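File shown: protein_0.csv. Contents: CSV, C-alpha atoms and all ligand atoms.
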chain,number,residue,atom,x,y,z
C,1,MET,CA,-10.9,-9.0,4.8
C,2,ASP,CA,-10.4,-12.0,2.6
C,3,SER,CA,-9.7,-13.9,5.9
C,4,ILE,CA,-13.4,-13.3,6.8
C,5,VAL,CA,-15.2,-13.8,3.5
C,6,GLY,CA,-12.5,-15.2,1.3
C,7,LEU,CA,-11.4,-13.6,-2.0
C,8,ILE,CA,-14.5,-12.8,-3.8
C,9,GLY,CA,-15.0,-12.1,-7.6
C,10,ARG,CA,-11.4,-12.4,-8.5
C,11,ASP,CA,-11.1,-15.9,-10.0
C,12,ASP,CA,-10.6,-14.5,-13.6
C,13,VAL,CA,-7.9,-12.0,-12.7
C,14,VAL,CA,-6.1,-14.6,-10.4
C,15,SER,CA,-6.0,-17.1,-13.3
C,16,ASP,CA,-4.7,-14.5,-15.7
C,17,LEU,CA,-2.0,-13.7,-13.3
C,18,VAL,CA,-1.1,-17.4,-12.7
C,19,ALA,CA,-0.9,-17.8,-16.5
C,20,GLU,CA,1.5,-14.9,-16.9
C,21,ILE,CA,3.6,-16.2,-14.0
C,22,ARG,CA,3.8,-19.6,-15.7
C,23,LYS,CA,4.9,-18.0,-18.9
C,24,GLY,CA,7.8,-16.4,-17.0
C,25,LYS,CA,6.6,-12.8,-17.5
C,26,HIS,CA,7.3,-9.9,-15.3
C,27,VAL,CA,3.9,-8.6,-14.2
C,28,ILE,CA,2.6,-5.4,-12.6
C,29,LEU,CA,-0.8,-5.3,-11.0
C,30,THR,CA,-2.3,-1.9,-11.1
C,31,GLY,CA,-5.4,-0.2,-9.6
C,32,PRO,CA,-6.2,2.3,-6.8
C,33,VAL,CA,-5.2,1.7,-3.2
C,34,GLY,CA,-7.5,-0.9,-1.6
C,35,ILE,CA,-8.7,-2.4,-4.8
C,36,GLY,CA,-7.2,-5.8,-3.9
C,37,LYS,CA,-3.8,-5.9,-5.7
C,38,SER,CA,-2.0,-7.5,-2.8
C,39,ALA,CA,-4.9,-10.0,-2.2
C,40,VAL,CA,-4.9,-11.1,-5.8
C,41,LEU,CA,-1.1,-11.4,-5.8
C,42,ARG,CA,-1.2,-13.6,-2.7
C,43,ALA,CA,-3.9,-15.8,-4.2
C,44,ALA,CA,-2.0,-16.2,-7.4
C,45,LEU,CA,1.2,-17.1,-5.7
C,46,ASP,CA,-0.6,-19.7,-3.6
C,47,GLN,CA,-2.1,-21.2,-6.7
C,48,ALA,CA,1.1,-21.2,-8.7
C,49,GLY,CA,3.1,-22.2,-5.7
C,50,ASP,CA,3.7,-25.8,-6.7
C,51,LYS,CA,5.4,-24.6,-9.9
C,52,LEU,CA,7.6,-22.0,-8.2
C,53,ASP,CA,10.8,-23.4,-6.9
C,54,LEU,CA,12.2,-20.3,-5.4
C,55,ILE,CA,10.2,-17.4,-4.2
C,56,ILE,CA,11.2,-14.2,-2.4
C,57,ARG,CA,8.3,-12.2,-1.0
C,58,LEU,CA,8.9,-8.5,-0.2
C,59,HIS,CA,6.3,-6.7,1.9
C,60,ASP,CA,8.0,-3.4,2.6
C,61,HIS,CA,6.7,-0.5,0.5
C,62,GLN,CA,10.0,1.4,0.6
C,63,ALA,CA,13.0,0.5,-1.6
C,64,LYS,CA,15.5,0.2,1.2
C,65,GLY,CA,13.3,-2.1,3.2
C,66,GLN,CA,12.7,-4.2,0.1
C,67,PHE,CA,16.4,-4.7,-0.6
C,68,VAL,CA,17.0,-5.6,3.1
C,69,GLU,CA,14.2,-8.1,3.0
C,70,MET,CA,15.7,-9.5,-0.2
C,71,ALA,CA,19.1,-10.0,1.3
C,72,LYS,CA,17.6,-11.5,4.4
C,73,GLN,CA,15.5,-14.1,2.5
C,74,MET,CA,18.3,-14.9,0.1
C,75,LEU,CA,20.6,-15.5,3.0
C,76,ALA,CA,18.1,-17.9,4.5
C,77,LEU,CA,17.6,-19.6,1.1
C,78,GLU,CA,21.4,-19.9,0.9
C,79,LEU,CA,21.4,-18.0,-2.4
C,80,LEU,CA,23.6,-15.4,-0.8
C,81,THR,CA,26.6,-15.9,1.6
C,82,ALA,CA,27.8,-13.9,4.6
C,83,LYS,CA,30.9,-13.2,2.6
C,84,GLU,CA,29.0,-11.7,-0.4
C,85,LEU,CA,27.2,-9.4,2.1
C,86,GLU,CA,30.5,-8.4,3.6
C,87,LEU,CA,29.4,-9.5,7.0
C,88,PRO,CA,32.1,-10.2,9.8
C,89,ALA,CA,34.5,-12.9,8.7
C,90,ALA,CA,33.6,-15.0,11.7
C,91,LEU,CA,30.3,-15.8,9.9
C,92,TYR,CA,31.9,-17.0,6.7
C,93,GLY,CA,31.8,-20.7,7.4
C,94,ILE,CA,28.2,-20.7,8.6
C,95,PRO,CA,25.4,-21.6,6.2
C,96,GLY,CA,23.1,-18.6,5.7
C,97,SER,CA,20.1,-20.4,7.0
C,98,GLU,CA,21.8,-20.9,10.4
C,99,ILE,CA,22.9,-17.3,10.8
C,100,ASP,CA,20.7,-15.4,13.4
C,101,TRP,CA,19.2,-12.4,11.6
C,102,GLY,CA,18.9,-10.5,14.9
C,103,GLU,CA,22.7,-10.5,15.1
C,104,ILE,CA,23.4,-9.1,11.6
C,105,LYS,CA,20.2,-7.0,11.1
C,106,ASN,CA,21.8,-3.7,12.1
C,107,LYS,CA,24.8,-4.3,9.9
C,108,VAL,CA,22.6,-5.1,6.8
C,109,ASN,CA,20.3,-2.2,7.6
C,110,ARG,CA,23.3,0.2,7.5
C,111,MET,CA,24.2,-0.9,4.0
C,112,SER,CA,23.2,1.3,1.1
C,113,ILE,CA,20.8,0.1,-1.6
C,114,ARG,CA,23.7,0.2,-4.0
C,115,ASP,CA,25.8,-2.1,-1.8
C,116,LEU,CA,22.9,-4.4,-1.2
C,117,THR,CA,22.2,-4.8,-5.0
C,118,HIS,CA,25.9,-5.3,-5.7
C,119,ALA,CA,25.7,-8.4,-3.4
C,120,VAL,CA,22.2,-9.5,-4.5
C,121,ILE,CA,22.4,-9.3,-8.3
C,122,PRO,CA,25.4,-11.7,-8.9
C,123,ALA,CA,23.8,-14.1,-6.3
C,124,LEU,CA,20.6,-14.1,-8.3
C,125,ALA,CA,22.5,-14.7,-11.5
C,126,ASN,CA,24.3,-17.6,-10.0
C,127,SER,CA,21.1,-19.4,-8.8
C,128,ASP,CA,20.5,-22.7,-10.6
C,129,VAL,CA,16.8,-22.0,-10.9
C,130,LYS,CA,15.5,-18.6,-11.7
C,131,PRO,CA,14.1,-17.0,-8.6
C,132,MET,CA,10.7,-15.3,-8.5
C,133,ILE,CA,10.5,-12.0,-6.6
C,134,ALA,CA,7.1,-10.9,-5.5
C,135,VAL,CA,7.2,-7.3,-4.4
C,136,ASP,CA,4.0,-6.0,-2.8
C,137,ASP,CA,4.4,-2.4,-3.8
C,138,LEU,CA,6.5,-0.6,-6.4
C,139,THR,CA,4.5,2.6,-6.4
C,140,SER,CA,7.1,4.9,-4.8
C,141,LEU,CA,10.0,3.8,-6.9
C,142,THR,CA,12.6,6.5,-7.9
C,143,PRO,CA,14.6,6.5,-11.2
C,144,THR,CA,17.8,5.5,-9.3
C,145,GLN,CA,16.1,2.5,-7.7
C,146,MET,CA,14.6,1.6,-11.0
C,147,ALA,CA,18.1,1.0,-12.4
C,148,PHE,CA,18.6,-1.7,-9.6
C,149,TRP,CA,15.3,-3.3,-10.5
C,150,LEU,CA,16.1,-3.4,-14.2
C,151,ALA,CA,19.3,-5.3,-13.3
C,152,ILE,CA,17.3,-7.7,-11.1
C,153,PHE,CA,14.9,-8.3,-14.0
C,154,GLU,CA,17.7,-9.9,-16.0
C,155,HIS,CA,18.1,-12.7,-13.3
C,156,ALA,CA,14.8,-13.1,-11.7
C,157,GLN,CA,11.1,-13.0,-12.5
C,158,VAL,CA,9.4,-10.1,-10.9
C,159,VAL,CA,5.7,-9.7,-10.0
C,160,GLY,CA,4.6,-6.5,-8.2
C,161,CYS,CA,1.9,-4.1,-7.5
C,162,ALA,CA,1.6,-0.3,-8.0
C,163,SER,CA,-1.4,2.0,-7.3
C,164,GLU,CA,0.1,4.4,-9.8
C,165,LYS,CA,2.5,3.9,-12.7
C,166,LYS,CA,4.7,7.0,-12.2
C,167,PRO,CA,6.1,8.1,-15.6
C,168,ARG,CA,9.5,8.8,-14.2
C,169,VAL,CA,10.1,5.0,-14.0
C,170,LYS,CA,8.3,4.1,-17.3
C,171,LYS,CA,11.2,2.1,-18.5
C,172,LEU,CA,10.4,-0.4,-15.8
C,173,TRP,CA,6.7,-0.5,-16.7
C,174,TRP,CA,7.7,-1.2,-20.4
C,175,LYS,CA,9.2,-4.5,-19.3
C,176,MET,CA,6.2,-5.6,-17.3
C,177,LYS,CA,2.9,-7.1,-18.4
C,178,GLU,CA,0.2,-5.0,-16.9
C,179,ILE,CA,-2.9,-6.5,-15.3
C,180,HIS,CA,-5.3,-3.9,-14.2
C,181,ILE,CA,-7.6,-4.6,-11.3
C,182,LYS,CA,-11.1,-3.1,-11.7
C,183,PRO,CA,-13.6,-2.2,-8.9
C,184,LEU,CA,-15.9,-5.1,-8.0
C,185,PRO,CA,-19.3,-5.1,-9.8
C,186,ALA,CA,-22.3,-4.2,-7.6
C,187,PRO,CA,-23.7,-7.8,-7.5
C,188,VAL,CA,-20.4,-9.0,-6.1
C,189,VAL,CA,-20.3,-6.3,-3.5
C,190,ARG,CA,-23.8,-7.3,-2.5
C,191,GLU,CA,-22.7,-10.9,-2.1
C,192,MET,CA,-19.7,-9.8,0.0
C,193,VAL,CA,-21.7,-7.6,2.3
C,194,LYS,CA,-24.3,-10.3,2.8
C,195,MET,CA,-21.7,-12.8,3.7
C,196,TYR,CA,-20.1,-10.4,6.2
C,197,ILE,CA,-23.4,-9.5,7.8
C,198,THR,CA,-24.1,-13.2,8.3
C,199,GLU,CA,-20.6,-14.0,9.5
C,200,LYS,CA,-20.7,-11.2,12.1
C,201,ALA,CA,-24.4,-11.7,13.0
C,202,MET,CA,-25.0,-8.0,12.5
C,203,LEU,CA,-28.4,-6.5,13.5
C,204,ILE,CA,-29.8,-4.3,10.7
C,205,GLU,CA,-33.1,-2.6,10.6
C,206,SER,CA,-33.3,-2.6,6.8
C,207,PRO,CA,-30.6,-4.9,5.3
C,208,ASP,CA,-31.6,-3.8,1.7
C,209,GLN,CA,-31.0,-0.2,2.5
C,210,PHE,CA,-27.7,-1.0,4.2
C,211,ILE,CA,-26.4,-3.1,1.4
C,212,SER,CA,-27.4,-0.6,-1.3
C,213,HIS,CA,-25.7,2.1,0.7
C,214,VAL,CA,-22.4,0.2,1.0
C,215,VAL,CA,-22.5,-0.7,-2.7
C,216,LYS,CA,-22.9,3.0,-3.6
C,217,GLN,CA,-20.5,4.5,-1.1
C,218,SER,CA,-17.7,2.0,-1.7
C,219,ALA,CA,-17.6,2.3,-5.5
C,220,GLY,CA,-16.6,-1.3,-5.6
C,221,ILE,CA,-13.3,-0.9,-3.7
C,222,PRO,CA,-12.9,-3.8,-1.2
C,223,GLN,CA,-11.0,-1.7,1.4
C,224,ALA,CA,-13.8,0.8,1.4
C,225,ILE,CA,-16.4,-1.9,1.8
C,226,PHE,CA,-14.4,-3.4,4.6
C,227,ASP,CA,-13.9,0.0,6.4
C,228,MET,CA,-17.6,0.6,6.4
C,229,LEU,CA,-18.5,-2.9,7.5
C,230,GLU,CA,-16.1,-2.9,10.3
C,231,GLU,CA,-17.3,0.5,11.5
C,232,SER,CA,-20.9,-0.7,11.3
C,233,SER,CA,-20.2,-4.0,13.1
C,234,LYS,CA,-19.3,-2.0,16.2
C,235,GLU,CA,-22.9,-0.8,16.5
C,236,LYS,CA,-25.4,-2.9,18.5
C,237,ILE,CA,-28.1,-2.3,16.0
C,238,ILE,CA,-27.9,-0.4,12.7
C,239,ASP,CA,-31.1,1.6,12.2
C,240,LYS,CA,-32.0,3.6,9.0
C,241,ARG,CA,-30.7,6.9,10.4
C,242,LYS,CA,-27.3,5.4,11.0
C,243,VAL,CA,-27.1,4.1,7.5
C,244,ARG,CA,-27.9,7.5,6.0
C,245,ALA,CA,-25.1,9.0,8.1
C,246,MET,CA,-22.6,6.5,6.8
C,247,ARG,CA,-20.1,7.8,4.4
C,248,HIS,CA,-16.9,6.7,2.8
C,249,ASP,CA,-14.6,8.8,0.7
C,250,ALA,CA,-14.3,6.2,-2.0
C,251,GLY,CA,-17.7,7.1,-3.3
C,252,VAL,CA,-18.1,10.7,-2.1
C,253,THR,CA,-15.8,13.6,-2.6
C,254,TYR,CA,-15.4,15.7,0.5
C,255,LEU,CA,-15.8,19.5,0.4
C,256,ASP,CA,-12.3,20.9,0.1
C,257,PHE,CA,-12.0,23.5,2.8
C,258,THR,CA,-8.3,24.5,2.0
C,259,PRO,CA,-9.2,27.8,0.3
C,260,MET,CA,-11.4,28.8,3.3
C,261,VAL,CA,-8.6,28.1,5.7
C,262,MET,CA,-6.2,30.1,3.6
C,263,LEU,CA,-8.6,33.1,3.4
C,264,LEU,CA,-9.1,33.0,7.2
C,265,GLY,CA,-5.3,33.0,7.7
C,266,ALA,CA,-4.9,36.0,5.4
C,267,LEU,CA,-7.6,37.9,7.3
C,268,ILE,CA,-6.0,37.3,10.6
C,269,VAL,CA,-2.6,38.4,9.3
C,270,SER,CA,-3.9,41.5,7.7
C,271,MET,CA,-5.6,42.4,11.0
C,272,ARG,CA,-2.2,42.7,12.6
C,273,TYR,CA,-0.9,45.0,9.8
C,274,ILE,CA,-3.9,47.2,9.9
C,275,GLY,CA,-3.6,47.5,13.6
C,276,MET,CA,0.1,48.4,13.2
C,277,GLY,CA,-0.6,50.9,10.5
C,278,THR,CA,-3.5,52.7,12.2
C,279,GLY,CA,-1.8,52.5,15.6
C,280,ASP,CA,-4.8,50.4,16.9
C,281,LYS,CA,-3.0,48.4,19.6
C,282,THR,CA,-6.0,46.2,20.4
C,283,LEU,CA,-6.3,45.1,16.7
C,284,TYR,CA,-2.6,44.5,16.6
C,285,ILE,CA,-2.6,42.3,19.7
C,286,MET,CA,-5.7,40.4,18.6
C,287,GLY,CA,-4.2,39.8,15.1
C,288,GLY,CA,-1.0,38.5,16.7
C,289,MET,CA,-2.9,36.1,19.0
C,290,GLY,CA,-5.2,35.1,16.2
C,291,ALA,CA,-2.2,34.2,13.9
C,292,ALA,CA,-0.7,32.1,16.7
C,293,LEU,CA,-3.9,30.3,17.3
C,294,PHE,CA,-4.5,29.8,13.6
C,295,LEU,CA,-1.1,28.2,13.1
C,296,THR,CA,-1.6,25.8,15.9
C,297,PHE,CA,-5.0,25.0,14.7
C,298,LYS,CA,-3.9,24.5,11.1
C,299,PHE,CA,-1.1,22.2,12.2
C,300,PHE,CA,-3.6,19.9,13.9
C,301,ILE,CA,-6.2,20.0,11.1
C,302,PHE,CA,-3.8,19.1,8.4
C,303,LYS,CA,-2.1,16.5,10.5
C,304,GLY,CA,-5.5,14.9,11.0
C,305,VAL,CA,-6.3,15.0,7.3
C,306,GLY,CA,-3.2,13.5,5.9
C,307,ARG,CA,-3.3,10.0,7.4
D,1,LIG,N1,-12.0,-9.6,-3.8
D,1,LIG,C1,-11.9,-9.5,-2.5
D,1,LIG,N2,-12.7,-10.2,-1.6
D,1,LIG,C2,-12.5,-10.0,-0.3
D,1,LIG,N3,-11.7,-9.2,0.3
D,1,LIG,C3,-10.9,-8.5,-0.5
D,1,LIG,C4,-10.9,-8.6,-2.0
D,1,LIG,N4,-10.0,-7.8,-2.5
D,1,LIG,C5,-9.4,-7.2,-1.5
D,1,LIG,N5,-9.9,-7.6,-0.3
D,1,LIG,C6,-9.5,-7.1,1.0
D,1,LIG,O1,-9.5,-5.7,1.0
D,1,LIG,C7,-8.4,-5.1,1.6
D,1,LIG,C8,-7.6,-4.3,0.6
D,1,LIG,O2,-7.0,-5.2,-0.3
D,1,LIG,P1,-5.4,-5.1,-0.7
D,1,LIG,O3,-5.1,-6.3,-1.5
D,1,LIG,O4,-4.6,-4.8,0.4
D,1,LIG,O5,-5.5,-3.8,-1.7
D,1,LIG,P2,-4.3,-3.1,-2.4
D,1,LIG,O6,-3.1,-3.9,-2.3
D,1,LIG,O7,-4.8,-2.9,-3.9
D,1,LIG,O8,-4.1,-1.8,-1.8
D,1,LIG,C9,-7.6,-6.3,2.2
D,1,LIG,O9,-8.1,-6.4,3.6
D,1,LIG,C10,-8.1,-7.5,1.4
D,1,LIG,O10,-8.0,-8.7,2.1
D,2,MG,MG,-1.3,-3.6,-1.4
Give the structure from the file, written as structure tokens.
Ligand SMILES: Nc1ncnc2c1ncn2[C@@H]1O[C@H](COP(=O)(O)OP(=O)(O)O)[C@@H](O)[C@H]1O
Ligand SMILES: [Mg+2]
Amino acid sequence: MDSIVGLIGRDDVVSDLVAEIRKGKHVILTGPVGIGKSAVLRAALDQAGDKLDLIIRLHDHQAKGQFVEMAKQMLALELLTAKELELPAALYGIPGSEIDWGEIKNKVNRMSIRDLTHAVIPALANSDVKPMIAVDDLTSLTPTQMAFWLAIFEHAQVVGCASEKKPRVKKLWWKMKEIHIKPLPAPVVREMVKMYITEKAMLIESPDQFISHVVKQSAGIPQAIFDMLEESSKEKIIDKRKVRAMRHDAGVTYLDFTPMVMLLGALIVSMRYIGMGTGDKTLYIMGGMGAALFLTFKFFIFKGVGR
């Protein structure tokens, strides 16, 4: 969304981050999903860019993908050689930046995280300038992977994001300066919505009602604001009724229907047993069919819910 309206209301947090980066600190940006951690990180790296000599940006959210990306970029930056990655000997004489990634991708992908870090860490240590590693998401880190990151911390400056600081990897968090990103204040959200409305030339019956609604429903989370705006921008005209029907789960909690579904399941199953016990064949068959239908239904419901 910052491509449409620019990064709004984050000047302070971006300069805080730039300051920490310049001090050489490891930094973790925290805050819920969609709050703008990645956007703030991008902006800070752009600003600090002139002072950063070597930067490795990791976008994968999974550890394996992150280490593969790290190897790929370090090869391209010639921080890492084909030999150190134990690639085919035919590639040894070729500078990393000239090696075609497509050719070695599968081989690198097959390496374990352990083997990748064994190649990467000494290479980071040997670098003349300390590299900066910007990792978009460290939320799903496990204790084993944490050990690799702790080793990396010795030879590179690490800046990352996490929507949750899982206690099982707290030793990593101890080494990082936390910058917590807060929801956007209502006036900022208003500004953002107005800019978007103008940009997209949206037709709205009552702009004030629309804006207030987005402010309330989004709870200041940019992704929620964006989801609602994008959804609304598909309408030819947004009348008051449509605005009232607009919901986003950032501001509202949905009714949890799990207990109801469980109860229904139990009823259907017991029907089968009662039928069996009393010798009522119809009840028995109905119960069996009901259970089968229920399971199919449940599968689709929960598949739909867990995006
Ligand atoms: N302050 C902001 N102004 C405008 N757009 C923003 C702002 N913060 C985040 N966005 C947009 O909201 C979306 C979610 O932000 P993102 O940085 O991906 O969140 P996170 O990394 O915390 O999950 C992105 O499309 C981003 O461009
Ligand atoms: Mg992110």
What are the nearest atom pairs, with distances in Å to one decimal, for all residues of chain C that come at most 9 Å from ligand MG 2 (chain D), using all atoms listed in the file, set out by chain and rising residue number as a Markdown table?
| residue | atom | partner | partner_atom | distance |
| --- | --- | --- | --- | --- |
| C:Val33 | CA | D:MG2 | MG | 6.8 |
| C:Gly34 | CA | D:MG2 | MG | 6.8 |
| C:Ile35 | CA | D:MG2 | MG | 8.2 |
| C:Gly36 | CA | D:MG2 | MG | 6.8 |
| C:Lys37 | CA | D:MG2 | MG | 5.5 |
| C:Ser38 | CA | D:MG2 | MG | 4.2 |
| C:Ala39 | CA | D:MG2 | MG | 7.4 |
| C:Leu41 | CA | D:MG2 | MG | 9.0 |
| C:His59 | CA | D:MG2 | MG | 8.8 |
| C:His61 | CA | D:MG2 | MG | 8.8 |
| C:Asp136 | CA | D:MG2 | MG | 6.0 |
| C:Asp137 | CA | D:MG2 | MG | 6.3 |
| C:Cys161 | CA | D:MG2 | MG | 6.9 |
| C:Ala162 | CA | D:MG2 | MG | 7.9 |
| C:Ser163 | CA | D:MG2 | MG | 8.1 |
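Neighbouring residues of region 180-195 of chain C at 6 Å or closer, counting all atoms listed in the file and skipping chain neighbours under 4 positions away, are Leu29, Thr30, Gly31, Gly220 and Ile221 of chain C.
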Written file, previous selection with C-alpha atoms, as an mmCIF file, in the coordinates of the input:
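Result saved to result.cif:
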data_model
loop_
_atom_site.group_PDB
_atom_site.id
_atom_site.type_symbol
_atom_site.label_atom_id
_atom_site.label_comp_id
_atom_site.auth_asym_id
_atom_site.auth_seq_id
_atom_site.Cartn_x
_atom_site.Cartn_y
_atom_site.Cartn_z
ATOM 1 C CA LEU C 29 -0.800 -5.300 -11.000
ATOM 2 C CA THR C 30 -2.300 -1.900 -11.100
ATOM 3 C CA GLY C 31 -5.400 -0.200 -9.600
ATOM 4 C CA GLY C 220 -16.600 -1.300 -5.600
ATOM 5 C CA ILE C 221 -13.300 -0.900 -3.700
#
Checklist line | Residue nearest ligand LIG 1 (chain D) among C:Ile104, C:Met276, C:Met289, C:Val135 (counting only C-alpha atoms and all ligand atoms) | finding: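 Among C:Ile104, C:Met276, C:Met289, C:Val135, it is C:Val135 that comes nearest to ligand LIG 1 (chain D).
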Item checked: Interatomic distance, CA of Glu199 (chain C) to atom O6 of ligand LIG 1 (chain D) (Å, one decimal) -> 23.4 Å
Notebook entry, point to check: Which residue gives the smallest distance to ligand LIG 1 (chain D) among C:Leu17, C:Leu264, C:Ala224, C:Leu45, with only C-alpha atoms and all ligand atoms counted?
Noted result: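 Smallest distance to ligand LIG 1 (chain D) is found for C:Ala224.
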Near-Asn126 (chain C) list (12 Å; all atoms listed in the file; drop same-chain fewer than 3 positions) as a PDB file with C-alpha atoms, in the coordinates of the input:
ATOM      1  CA  GLU C  78      21.400 -19.900   0.900  1.00  0.00           C
ATOM      2  CA  LEU C  79      21.400 -18.000  -2.400  1.00  0.00           C
ATOM      3  CA  LEU C  80      23.600 -15.400  -0.800  1.00  0.00           C
ATOM      4  CA  THR C  81      26.600 -15.900   1.600  1.00  0.00           C
ATOM      5  CA  ALA C 119      25.700  -8.400  -3.400  1.00  0.00           C
ATOM      6  CA  VAL C 120      22.200  -9.500  -4.500  1.00  0.00           C
ATOM      7  CA  ILE C 121      22.400  -9.300  -8.300  1.00  0.00           C
ATOM      8  CA  PRO C 122      25.400 -11.700  -8.900  1.00  0.00           C
ATOM      9  CA  ALA C 123      23.800 -14.100  -6.300  1.00  0.00           C
ATOM     10  CA  VAL C 129      16.800 -22.000 -10.900  1.00  0.00           C
ATOM     11  CA  LYS C 130      15.500 -18.600 -11.700  1.00  0.00           C
ATOM     12  CA  PRO C 131      14.100 -17.000  -8.600  1.00  0.00           C
ATOM     13  CA  GLU C 154      17.700  -9.900 -16.000  1.00  0.00           C
ATOM     14  CA  HIS C 155      18.100 -12.700 -13.300  1.00  0.00           C
ATOM     15  CA  ALA C 156      14.800 -13.100 -11.700  1.00  0.00           C
TER      16      ALA C 156
END
Notebook entry, point to check: In Å, with one decimal, what is the gap from CA of Leu124 (chain C) to CA of Leu172 (chain C)?
Noted result: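 Separation of CA of Leu124 (chain C) and CA of Leu172 (chain C): 18.7 Å.
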